[in-house]
Amino acid sequence: MGKKKNKKLKIDLTPEEHAELESIIDRLKLQHPQGETFNNFVESLIERLSEKENLLAALIDRISREPSEAGVELILKVKDKISSRHKRILKRALFRLIQRGYLTEKSISSEEVSDSSKVVLIPNPSQTENVLSGIYLHDIQYSRFLTIILPPTPTTEATLIAVTESPESNRLECRTAYGSKRELNAIIKQMEAIFKFYEAPLYHVAQLMVNRIEVFSKMLNPASREGAFEIKRIVREFLPDDPEKFFKESFKNTKDNAQSPDNLVELISEVKKFEFDLQSKFASFVTAIDSVLNPTIMCSEDAKLYRLEKKILEFFDKLNEFSIGRYYLFLTEEVTRLISSSKIQLAAQLYNIARCVKNRDFDKISSFLTKHLLYLTFREAFVLEIADLDYYKNSPYFAIFGEKIDMVRSWASKLSEGCMELIADVIDEETEVKALTGSSFETESMVTTEKNGRYKRLESGLYVPNS
């Protein structure tokens with residue numbers, strides 16, 4: 001007896017319906033499940049397709065073959081509208097999404113996905129041996145890449161997953177690449193030539209990626225949104241039951257000292273590579289604390305620090321959930337780096353600080369926040385102090401001060417000097433200037449071409465103290 005042939009499910013669409021389907025798919029690419037217009041989009045679509053059952057079935061089938069986060073959510077909202085004669089198409093679509101990791105069986109009833117075992121699928125990489133996972137970090141710039149490289153399997157190529165943030169534009173880049181092991185090894189060599197690698201367990205890096213994506217979820221552009229959805233699909237099988245598993249296991253033999261971090265010098269030196277939202281919010285803060293650092297009436301450093309601490313706590317209290325989320329992500333990723341570097345006790349202190357940030361318990365860590373924000377203000381003022389006109393015009397300070405760059409440089413010079421006076425116990429100015437500019441203090445004999453406040457610019461483009 002010959003094998004019974006499977007009857008192919010076919011949906012007949014008119015040319016007009018084909019064009020309408022493409023139009024819907026294009027509009028869907030601009031949607032996000034948490035977006036303000038998504039529910040209206042779905043309601044309008046349901047009404048529009050109420051008498052077009054073939055088109056609705058074709059849309060569900062198309063989404064299951066080219067999934068997106070908004071597309072899967074749309075299927076869940078319209079699946080009850082499918083006609084009885086198209087139930088098998090719905091079942092196969094749901095089964096396909098489950099097998100590819102876009103849905104779980106708990107999210108839909110078993111009846112909706114039965115009779116669908118003949119769908120041909122490409123399995124995800126699931127081997128955890130020979131996996132590369134960790135953080136690539138630039139020593140000078142603020143670039144950091146959460147990276148996972150999965151080895152090839154009998155049915156898949158090697159997989160590279162990378163998530164990185166662009167602080168200047170608050171944008172998240174989510175990339176997935178497939179290729180041979182040789183091709184991905186070439187990429188690794190290029191990364192290692194520029195960045196330092198800090199290894200961490202696969203399950204933890206997967207969790208860090210998901211944490212980043214969730215914080216940035218409402219700010220992703222369409223391309224990054226699709227990339228983020230693809231990454232969440234791939235890494236979901238590696239996620240731990242407890243998101244804090246790695247930290248709890250790393251710190252089980254350390255004491256909890258969140259109330260009073262006792263090593264501010266090392267802590268501040270470890271958390272330099274962060275940038276707050278440098279739009280008007282942080283710029284306004286920087287300008288506001290100038291009056292505290294350079295008061296018209298002389299006062300002690302203790303009095304300055306007291307007033308600054310109040311200003312800084314006010315600044316943190318006013319930060320929105322996204323800004324706090326970014327700061328928390330940064331701190332936990334720095335904790336991961338410290339653990340990778342075997343600095344467990346310091347990592348434990350920073351982890352406790354991160355938890356306070358997450359819970360908005362700023363009073364408990366005011367000394368750390370004050371020193372850290374003063375350092376970030378110093379760095380911001382120093383860069384502004386030596387900035388050329390093009391950089392200045394593209395900074396948020398241009399909107400505050402206008403074209404008076406000489407006045408800005410003078411103001412920034414006083415501001416950076418005032419900050420340094422209050423953080424001299426945790427930051428060495430000479431070392432910091434070298435790190436920020438790459439300059440050497442032993443090249444004073446070179447010809448000075450420009451003077452900016454307390455520093456002078458050499459022909460090489462580097463900066464040295466202006467004696």
# chains A, B, ... in the order shown; residues from 1 in each chain; ligands from 1
call {"tool": "residues_around", "arguments": {"residues": "segment 13-20 of chain A", "least_positions_apart": "5", "cutoff": "9 Å", "atoms": "only C-alpha atoms", "output": "CSV table (one decimal) with C-alpha atoms, in the first residue's frame"}}
result
chain,number,residue,atom,x,y,z
A,25,ILE,CA,2.4,43.2,6.8
A,52,LYS,CA,-12.5,38.4,4.6
A,54,ASN,CA,-9.4,33.9,3.5
A,55,LEU,CA,-7.3,37.1,4.0
A,58,ALA,CA,-3.5,34.0,5.0
call {"tool": "residues_around", "arguments": {"residues": "segment 63-75 of chain A", "least_positions_apart": "2", "cutoff": "7 Å", "atoms": "only C-alpha atoms", "output": "JSON, numbers by chain"}}
result
{"A": [28, 31, 32, 33, 42, 59, 60, 61, 77, 78, 79, 93, 96, 97, 226, 229]}
call {"tool": "write_last_selection", "arguments": {"atoms": "C-alpha atoms", "output": "PDB file, in the first residue's frame"}}
result
ATOM      1  CA  LEU A  28       2.544  45.449  11.275  1.00  0.00           C
ATOM      2  CA  GLN A  31       3.852  48.152  15.537  1.00  0.00           C
ATOM      3  CA  HIS A  32       4.939  47.073  19.015  1.00  0.00           C
ATOM      4  CA  PRO A  33       2.719  45.144  21.456  1.00  0.00           C
ATOM      5  CA  VAL A  42      -5.736  45.303  16.107  1.00  0.00           C
ATOM      6  CA  LEU A  59      -2.301  36.698   7.411  1.00  0.00           C
ATOM      7  CA  ILE A  60      -2.015  34.177  10.260  1.00  0.00           C
ATOM      8  CA  ASP A  61      -0.110  31.744   8.047  1.00  0.00           C
ATOM      9  CA  LYS A  77      -5.813  38.386  19.610  1.00  0.00           C
ATOM     10  CA  VAL A  78      -7.478  37.294  16.337  1.00  0.00           C
ATOM     11  CA  LYS A  79      -7.270  33.484  16.510  1.00  0.00           C
ATOM     12  CA  ALA A  93       0.543  28.319  12.521  1.00  0.00           C
ATOM     13  CA  ARG A  96       5.004  26.320  14.060  1.00  0.00           C
ATOM     14  CA  LEU A  97       5.370  29.233  16.505  1.00  0.00           C
ATOM     15  CA  GLU A 226      12.865  42.417  15.259  1.00  0.00           C
ATOM     16  CA  PHE A 229      12.610  39.399  19.389  1.00  0.00           C
TER      17      PHE A 229
END
call {"tool": "closest_residue", "arguments": {"among": "A:Tyr198, A:Tyr351, A:Phe315, A:Phe274", "to": "Ser250 of chain A", "atoms": "only C-alpha atoms"}}
result
A:Tyr351
call {"tool": "closest_residue", "arguments": {"among": "A:Ala223, A:Val215, A:Ile188, A:Leu172", "to": "Asn320 of chain A", "atoms": "only C-alpha atoms"}}
result
A:Val215
call {"tool": "closest_residue", "arguments": {"among": "A:Asn221, A:Phe285, A:Ile98, A:Glu249", "to": "Ile400 of chain A", "atoms": "only C-alpha atoms"}}
result
A:Phe285
call {"tool": "atom_distance", "arguments": {"atom1": "atom CA of Gln345 of chain A", "atom2": "atom CA of Glu429 of chain A"}}
result
26.2 Å
call {"tool": "closest_residue", "arguments": {"among": "A:Asp390, A:Glu430, A:Ile289, A:Pro222", "to": "Lys29 of chain A", "atoms": "only C-alpha atoms"}}
result
A:Pro222
call {"tool": "residues_around", "arguments": {"residues": "Glu380 of chain A", "least_positions_apart": "2", "cutoff": "9 Å", "atoms": "only C-alpha atoms", "output": "VMD selection string"}}
result
chain A and resid 283 286 375 to 378 382 to 385 412 416
call {"tool": "write_last_selection", "arguments": {"atoms": "N, CA and C atoms", "output": "compact mmCIF listing (two decimals), in the first residue's frame"}}
result
# COMPACT_ATOMS: atom_id res chain seq x y z
N ALA A 283 22.48 67.62 31.47
CA ALA A 283 23.08 68.95 31.25
C ALA A 283 22.52 69.96 32.24
N VAL A 286 24.11 69.35 35.59
CA VAL A 286 25.49 69.84 35.62
C VAL A 286 25.52 71.35 35.85
N TYR A 375 32.05 62.54 39.81
CA TYR A 375 33.03 62.11 38.81
C TYR A 375 32.47 62.28 37.40
N LEU A 376 31.24 61.85 37.17
CA LEU A 376 30.64 61.97 35.84
C LEU A 376 30.52 63.44 35.43
N THR A 377 30.24 64.30 36.42
CA THR A 377 30.17 65.74 36.14
C THR A 377 31.55 66.29 35.79
N PHE A 378 32.58 65.86 36.55
CA PHE A 378 33.94 66.27 36.23
C PHE A 378 34.29 65.88 34.81
N PHE A 382 35.18 68.43 31.91
CA PHE A 382 36.51 68.39 31.32
C PHE A 382 36.43 68.28 29.79
N VAL A 383 35.56 67.39 29.31
CA VAL A 383 35.41 67.24 27.87
C VAL A 383 34.92 68.53 27.24
N LEU A 384 34.01 69.21 27.93
CA LEU A 384 33.49 70.48 27.42
C LEU A 384 34.57 71.56 27.46
N GLU A 385 35.42 71.48 28.47
CA GLU A 385 36.50 72.46 28.63
C GLU A 385 37.48 72.43 27.47
N ALA A 412 33.26 75.64 32.39
CA ALA A 412 33.55 74.22 32.51
C ALA A 412 34.84 73.98 33.29
N SER A 416 34.92 71.65 36.51
CA SER A 416 35.73 70.43 36.63
C SER A 416 36.69 70.54 37.82
call {"tool": "closest_residue", "arguments": {"among": "A:Leu415, A:Phe316, A:Gln349, A:Arg233", "to": "Phe251 of chain A", "atoms": "only C-alpha atoms"}}
result
A:Gln349
call {"tool": "closest_residue", "arguments": {"among": "A:Ile187, A:Ile339, A:Ile161, A:Ala200", "to": "Lys232 of chain A", "atoms": "only C-alpha atoms"}}
result
A:Ile161
call {"tool": "residues_around", "arguments": {"residues": "Gly402 of chain A", "least_positions_apart": "5", "cutoff": "10 Å", "atoms": "only C-alpha atoms", "output": "number ranges by chain"}}
result
A: 392-393, 397, 407-408
call {"tool": "write_last_selection", "arguments": {"atoms": "N, CA and C atoms", "output": "PDB file, in the first residue's frame"}}
result
ATOM      1  N   TYR A 392      30.984  71.234  20.537  1.00  0.00           N
ATOM      2  CA  TYR A 392      30.135  72.040  21.420  1.00  0.00           C
ATOM      3  C   TYR A 392      28.769  72.303  20.799  1.00  0.00           C
ATOM      4  N   LYS A 393      28.732  72.623  19.510  1.00  0.00           N
ATOM      5  CA  LYS A 393      27.459  72.919  18.857  1.00  0.00           C
ATOM      6  C   LYS A 393      26.531  71.715  18.818  1.00  0.00           C
ATOM      7  N   TYR A 397      24.656  71.613  25.679  1.00  0.00           N
ATOM      8  CA  TYR A 397      25.018  72.888  26.307  1.00  0.00           C
ATOM      9  C   TYR A 397      24.888  74.065  25.347  1.00  0.00           C
ATOM     10  N   MET A 407      33.234  81.501  27.015  1.00  0.00           N
ATOM     11  CA  MET A 407      32.607  81.588  28.323  1.00  0.00           C
ATOM     12  C   MET A 407      32.298  80.179  28.856  1.00  0.00           C
ATOM     13  N   VAL A 408      31.867  79.296  27.941  1.00  0.00           N
ATOM     14  CA  VAL A 408      31.558  77.928  28.340  1.00  0.00           C
ATOM     15  C   VAL A 408      32.814  77.218  28.821  1.00  0.00           C
TER      16      VAL A 408
END
call {"tool": "atom_distance", "arguments": {"atom1": "atom CA of Glu157 of chain A", "atom2": "atom CA of Lys189 of chain A"}}
result
18.8 Å
call {"tool": "select_by_dssp", "arguments": {"residues": "segment 137-343 of chain A", "states": "helix (DSSP H, G or I)", "output": "PyMOL selection string"}}
result
chain A and resi 181-194+202-215+217-219+222-238+245-250+264-270+280-288+290-293+301-318+321-340
call {"tool": "select_by_dssp", "arguments": {"residues": "segment 161-364 of chain A", "states": "strand (DSSP E)", "output": "JSON, numbers by chain"}}
result
{"A": [161, 162, 163, 164, 165, 166, 171, 172, 173, 174, 175, 176, 177, 178, 179, 196, 197, 198, 199]}
